[in-house]
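Asks: Let me give you the structure first, and then I'll get to my questions.
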Amino acid sequence: MPNLFLEPITAADGAVSDPAADITAYLLSSQGKTIEAAPALNESALKELAFIHLQNSFTKSQADDFVKKGIPESLQGDLKGDEVELVITDAEEAALPPESENKEEQALREQALDKLLMPKRLMYIGRRTITKQGCTGCHDIPGYEDAKPIGTGLADWGRKETSKLAFEQVVQFLENTPRDKGGFSHGEVSHEGEESHHGIDLDRLDQDTAYFVEKLEGHEREGFLWQKLKAPRSYDYKKTQNKTYLERLRMPKFNFTDEQVEQLMTFVLGLVAEPPAEQFVYKPDARQLAILKGREVLQKYNCGGCHMLGMETWKFNYDPKWFAENNDLTAAWDDYAFLEPHFTPEQIAASKKPPGKVHGTATVTGMPLLTDEDQVQETEDASGEAMMNYFTQWENVAIEGHVFAVGGPDVGIQPQLVTAKYPSDGGDFAKYLHPIALTTERAGPNPAAKASDAWGWLPPPLVREGKKVQSDWLYEFLLNPYVIRPATVLRMPNFHMSSEDARILAEYFAAVDDAAYPTEFSPRLQTSHLETAEQARPERLQDAMKIVMDGQNFCVKCHLLGNYIPPGDPKALAPNLERVYQRMRPDFTVRWIANPKRLLPYTGMPVNFPHNQESAQNLFPGTSQQQLDGVVDLLLNYDTFMKSKNSYKDQIVAPPVAPTDSGSEANN
Amino acid sequence: MKRTSWQSLALLGLMAAAAQGAEYGNLTGQILFDGEAPKPEALVVTKDQAFCGPKMLVNEELLVDPETKGISNVVLFIRSKVDEKDVHPEVAAAAAPMLRFDNVNCRFEPHVTAIWFTKQALELHNADEVGHNSNMAPLGDKAVNPLLPMNATLNYTFKKKQNLPVPVSCNIHPWMKGYVVVRDNPYTVVTPVDGKVELKNIPAGKHEFGIWHEKCGWVDTKAWPKGKFEMEIKAGENDLGVVKLDAKLFSKK
């Protein structure tokens, strides 16, 4: 279990709550359900069950003896399995009343022995049941690390000889069992009171079912597997009379649909214990391999439980006339040029409605605009006669010849023409928390909180994480997570993951976002770049520092800087700028500061240096581009900049240097 | 400049000519709170306390004048299409090309403003000595969120009409919230302290109106289902009457 860092929280009104105590109270409460008391232990049934199990390894009389008296410690060395649970140690034996011919004394002994044995029998039956039912197939249970699966090996099942398949009385089962119980009985009853054996009328069955029943009747592999997946224990039909409890079939009924049965059959019948042909073996390159390995680790730690790993996707058709009336297809780019998404002329042309078709088609990825109750928001379209949805795109997309950039206007969509909606990959817990976080904040200090604000207090989507953070930083953060955004209502837990898992995840995010790893070259981090820029605009980093440290208007109004924490509500606090150079990738940083919504549409971070607009001239005289570059270079080279402000020469008192002879000679 | 002025005059002349044959009516009324006027709650100032703290800020979601029971910031507007040529010249002339939406004393001023987007642009401004940001994401239009140091401005032109008022917030001062009503005609009124409604020179004829308030959304009453109603505007005076809105309407959210 990860360390969840559940520390007491002090609310604005001074009230302190302890989340660990709250969660404990919640888990221990009945949550509205009535918990029924466990039935009393049936001791005779327990003994009988222990006897049945012991019979597998011992004679009847031994088994009977061991159930009643336990297994003497002297036999422990011969025991191989769960029977060790029934051992009576010599010390335990010594503590019991001695055997006696006196009936009353003997009864006392047996009573004490039974009391001693009862928990041992329970442990024994518990262990045997875990082994028998194959619980370890799905669950990790300490002590069962080497347990074998209870099912038949499937590695070569696809070519298993049909003579080795135990069809037993399964055809009779189908003939004699009513349809509502999984068979195909006609319902006639013989004079003997049993259902009559007229065989199965295949003509009454649908084509697929008839095919598989025929295969079953012919004792063919496909028929066996089909019936096994539909009703696994039907193979015990009329067999249980001659089987012991331990011999009965155990495969559970999974209630597969017909489609799932066919899918599983296709897979299992293809298991022929032969490696696939060379040309069909997937050979991932380094990046693809990093993604595959990363997905395993993501699943292992259930990262997608909290974080969205992929955004929601909608596919839709559109009527070009309606689309043009309800979306601005004429807007020109009016932001920094380097933020403008680029599509080839072919891509733009392909985004238009094909000639001859009534509708165009498009796919958008991101988040539909939601109401405060997290329902898809519906609003009137331009005509006022129909409803429409808006979708906030997280990926740039070209539709009907127009580019919809991230951070630009949302895409207006006709709900009735949406053809598919694919939910986000992960993030269920964040979605669950969203309305709660919003309601809590509104009821507290911030009645004006917006639904979009609340996303900033939750586990963030990890879309673009690879382009955002440096792989080395992510690796270290995963091993030792710390608070980045004080506004979040949850802390990233410490999963105590291995160094290898952390490395795999760091590489995964870089690979999936096509970012450079393990290292990245950035001109902004080069001394030559800084020197050239400084010559062109002297004191630029010093002026940028003035912007960063201006608590009246700029960065430290919200951002932490080193040990400085801006006063105010933690919900309005932003990450520590002292760590930007360790954490953020250079290209992401410049894009982020230029216009944060272009990377994270719901963010509350403002545009500090609006494109082509004058701002902060008292702190950093220059164009918005110069200010942007100056602040980005400062943050990315923060350690170098701060070191340059520290002169060791002035702080160290050097010891006096005595003149040497060699020095005198050299001077001569 | 000279040329622009001549063009404007010519335009006004044309419009006046167009208006000569048309008839216009005024709509008046008053929106009152039916119940005891709630006392606005004091806001918790969590940022820039030295500057914002003494401003005695209150939650402006529902402001009712204790004397008149008038409800502030009720938005009444014509929902149906009004051709630009039908807009009365005086109304058109009164529409300033730039409408200021200010950050003053750690609140938005005005709290709710209305804009005729085809003729007017919005000037986001900060009159305070502390920095603000104005975060606004109109549906299907460009989202903006400029940081506004003291006396900074950002001009914004809406590209499309909005069915609902657009919320504007300041992330630095999370209690700050305001609204911009973006319409394609100038016939929108935001009620003042006494709740009085006054829309002048509406083209005569049948119009569909919308009525909205921040606290309750569409003012959904028996007479105004889902905040909509139709009304025949006749030449001259038209009276909406004194409308008392049940207090329960404002406890929905």
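Every chain in the structure tokens has a letter given in the order shown (A, B, ...), and although residue numbers restart at 1 in each chain, ligands are simply numbered from 1 in the order shown.
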Looking only at helix (DSSP H, G or I) from DSSP on the backbone, list the matching residues of region 234-325 of chain A as a ChimeraX atom specification.
Replies: /A:234-236,240-242,245-247,258-269,278-280,286-300,303-306,320-325
Asks: Counting only C-alpha atoms, collect the residues of chain A whose closest atom lies at most 8 Å from chain B, and write them out as a PyMOL selection string.
Replies: chain A and resi 326-328+379-380+390+407-412+445-449+552-554+557-558+567-569+572+604-610+615-616
Asks: Store the residues picked out above in a file with N, CA and C atoms, as a JSON list (two decimals), in the first residue's frame.
Replies:
```json
[["chain", "number", "residue", "atom", "x", "y", "z"],
["A", 326, "ASN", "N", -22.17, 28.10, -36.73],
["A", 326, "ASN", "CA", -22.00, 27.94, -35.28],
["A", 326, "ASN", "C", -20.55, 27.88, -34.84],
["A", 327, "ASN", "N", -19.63, 27.96, -35.77],
["A", 327, "ASN", "CA", -18.21, 28.00, -35.43],
["A", 327, "ASN", "C", -17.57, 29.10, -36.27],
["A", 328, "ASP", "N", -16.62, 29.77, -35.68],
["A", 328, "ASP", "CA", -15.93, 30.84, -36.41],
["A", 328, "ASP", "C", -14.82, 30.22, -37.26],
["A", 379, "THR", "N", -26.57, 23.84, -25.27],
["A", 379, "THR", "CA", -26.92, 25.23, -25.43],
["A", 379, "THR", "C", -27.57, 25.42, -26.79],
["A", 380, "GLU", "N", -28.34, 26.48, -26.90],
["A", 380, "GLU", "CA", -29.01, 26.72, -28.17],
["A", 380, "GLU", "C", -28.01, 27.04, -29.27],
["A", 390, "TYR", "N", -20.64, 21.91, -26.92],
["A", 390, "TYR", "CA", -19.29, 22.43, -27.20],
["A", 390, "TYR", "C", -18.26, 21.45, -26.67],
["A", 407, "GLY", "N", -6.70, 25.69, -26.84],
["A", 407, "GLY", "CA", -6.72, 27.02, -26.23],
["A", 407, "GLY", "C", -7.51, 28.03, -27.03],
["A", 408, "GLY", "N", -7.96, 27.64, -28.21],
["A", 408, "GLY", "CA", -8.77, 28.52, -29.04],
["A", 408, "GLY", "C", -10.25, 28.25, -28.78],
["A", 409, "PRO", "N", -11.12, 28.77, -29.63],
["A", 409, "PRO", "CA", -12.55, 28.53, -29.42],
["A", 409, "PRO", "C", -12.88, 27.04, -29.41],
["A", 410, "ASP", "N", -13.83, 26.67, -28.54],
["A", 410, "ASP", "CA", -14.29, 25.29, -28.50],
["A", 410, "ASP", "C", -15.01, 24.96, -29.81],
["A", 411, "VAL", "N", -15.14, 23.67, -30.08],
["A", 411, "VAL", "CA", -15.80, 23.24, -31.32],
["A", 411, "VAL", "C", -17.29, 23.02, -31.03],
["A", 412, "GLY", "N", -18.13, 23.66, -31.82],
["A", 412, "GLY", "CA", -19.58, 23.47, -31.69],
["A", 412, "GLY", "C", -20.02, 22.25, -32.48],
["A", 445, "PRO", "N", -14.72, 29.07, 1.29],
["A", 445, "PRO", "CA", -14.27, 30.45, 1.12],
["A", 445, "PRO", "C", -14.49, 31.03, -0.27],
["A", 446, "ASN", "N", -14.91, 30.22, -1.22],
["A", 446, "ASN", "CA", -14.89, 30.68, -2.59],
["A", 446, "ASN", "C", -16.21, 30.41, -3.31],
["A", 447, "PRO", "N", -17.27, 31.17, -3.00],
["A", 447, "PRO", "CA", -18.57, 30.91, -3.63],
["A", 447, "PRO", "C", -18.55, 31.10, -5.14],
["A", 448, "ALA", "N", -17.53, 31.81, -5.66],
["A", 448, "ALA", "CA", -17.47, 32.08, -7.10],
["A", 448, "ALA", "C", -16.66, 31.03, -7.86],
["A", 449, "ALA", "N", -16.28, 29.94, -7.19],
["A", 449, "ALA", "CA", -15.44, 28.93, -7.86],
["A", 449, "ALA", "C", -16.13, 28.41, -9.11],
["A", 552, "GLN", "N", 3.41, 42.20, -6.38],
["A", 552, "GLN", "CA", 2.21, 43.01, -6.55],
["A", 552, "GLN", "C", 1.40, 42.52, -7.76],
["A", 553, "ASN", "N", 2.11, 42.14, -8.81],
["A", 553, "ASN", "CA", 1.42, 41.80, -10.06],
["A", 553, "ASN", "C", 1.82, 40.45, -10.67],
["A", 554, "PHE", "N", 3.07, 40.09, -10.51],
["A", 554, "PHE", "CA", 3.55, 38.99, -11.34],
["A", 554, "PHE", "C", 3.77, 37.69, -10.57],
["A", 557, "LYS", "N", 3.15, 36.41, -6.98],
["A", 557, "LYS", "CA", 1.81, 36.68, -6.44],
["A", 557, "LYS", "C", 1.11, 35.35, -6.15],
["A", 558, "CYS", "N", 1.43, 34.33, -6.97],
["A", 558, "CYS", "CA", 0.83, 33.02, -6.77],
["A", 558, "CYS", "C", 1.88, 31.92, -6.57],
["A", 567, "PRO", "N", 1.30, 34.86, 0.56],
["A", 567, "PRO", "CA", 0.20, 34.78, 1.52],
["A", 567, "PRO", "C", -1.12, 34.57, 0.79],
["A", 568, "GLY", "N", -2.05, 33.92, 1.48],
["A", 568, "GLY", "CA", -3.38, 33.73, 0.90],
["A", 568, "GLY", "C", -3.81, 32.29, 0.89],
["A", 569, "ASP", "N", -4.93, 32.05, 0.24],
["A", 569, "ASP", "CA", -5.55, 30.74, 0.16],
["A", 569, "ASP", "C", -4.64, 29.75, -0.58],
["A", 572, "ALA", "N", -4.98, 29.03, -4.26],
["A", 572, "ALA", "CA", -4.50, 29.94, -5.30],
["A", 572, "ALA", "C", -2.98, 29.88, -5.44],
["A", 604, "GLY", "N", -5.95, 28.14, -14.76],
["A", 604, "GLY", "CA", -6.26, 29.51, -14.36],
["A", 604, "GLY", "C", -5.06, 30.43, -14.50],
["A", 605, "MET", "N", -3.92, 29.86, -14.89],
["A", 605, "MET", "CA", -2.72, 30.71, -15.04],
["A", 605, "MET", "C", -2.93, 31.71, -16.18],
["A", 606, "PRO", "N", -2.74, 33.00, -15.89],
["A", 606, "PRO", "CA", -2.98, 34.00, -16.94],
["A", 606, "PRO", "C", -1.84, 34.13, -17.93],
["A", 607, "VAL", "N", -2.12, 34.85, -19.01],
["A", 607, "VAL", "CA", -1.08, 35.20, -19.98],
["A", 607, "VAL", "C", -0.36, 36.43, -19.43],
["A", 608, "ASN", "N", 0.90, 36.26, -19.10],
["A", 608, "ASN", "CA", 1.65, 37.36, -18.47],
["A", 608, "ASN", "C", 2.15, 38.38, -19.49],
["A", 609, "PHE", "N", 2.48, 37.88, -20.67],
["A", 609, "PHE", "CA", 3.03, 38.78, -21.69],
["A", 609, "PHE", "C", 2.23, 38.61, -22.98],
["A", 610, "PRO", "N", 1.05, 39.23, -23.01],
["A", 610, "PRO", "CA", 0.20, 39.03, -24.21],
["A", 610, "PRO", "C", 0.95, 39.43, -25.48],
["A", 615, "SER", "N", 3.64, 45.43, -21.57],
["A", 615, "SER", "CA", 3.32, 45.11, -20.18],
["A", 615, "SER", "C", 4.61, 45.18, -19.38],
["A", 616, "ALA", "N", 4.50, 45.47, -18.11],
["A", 616, "ALA", "CA", 5.63, 45.44, -17.17],
["A", 616, "ALA", "C", 6.83, 46.24, -17.66]]
```
Asks: Check region 123-361 of chain A with DSSP on the backbone and list each residue it calls strand (DSSP E), as an NGL selection string.
Replies: :A and (308-310 or 312-318 or 360-361)
Asks: Residues within 12 Å of Thr188 (chain B), please, as a VMD selection string. Count only C-alpha atoms; anything in the same chain fewer than 2 positions from it doesn't count.
Replies: chain B and resid 27 73 to 80 82 91 95 112 to 117 165 180 to 186 190 to 191 197 to 202 209 to 212
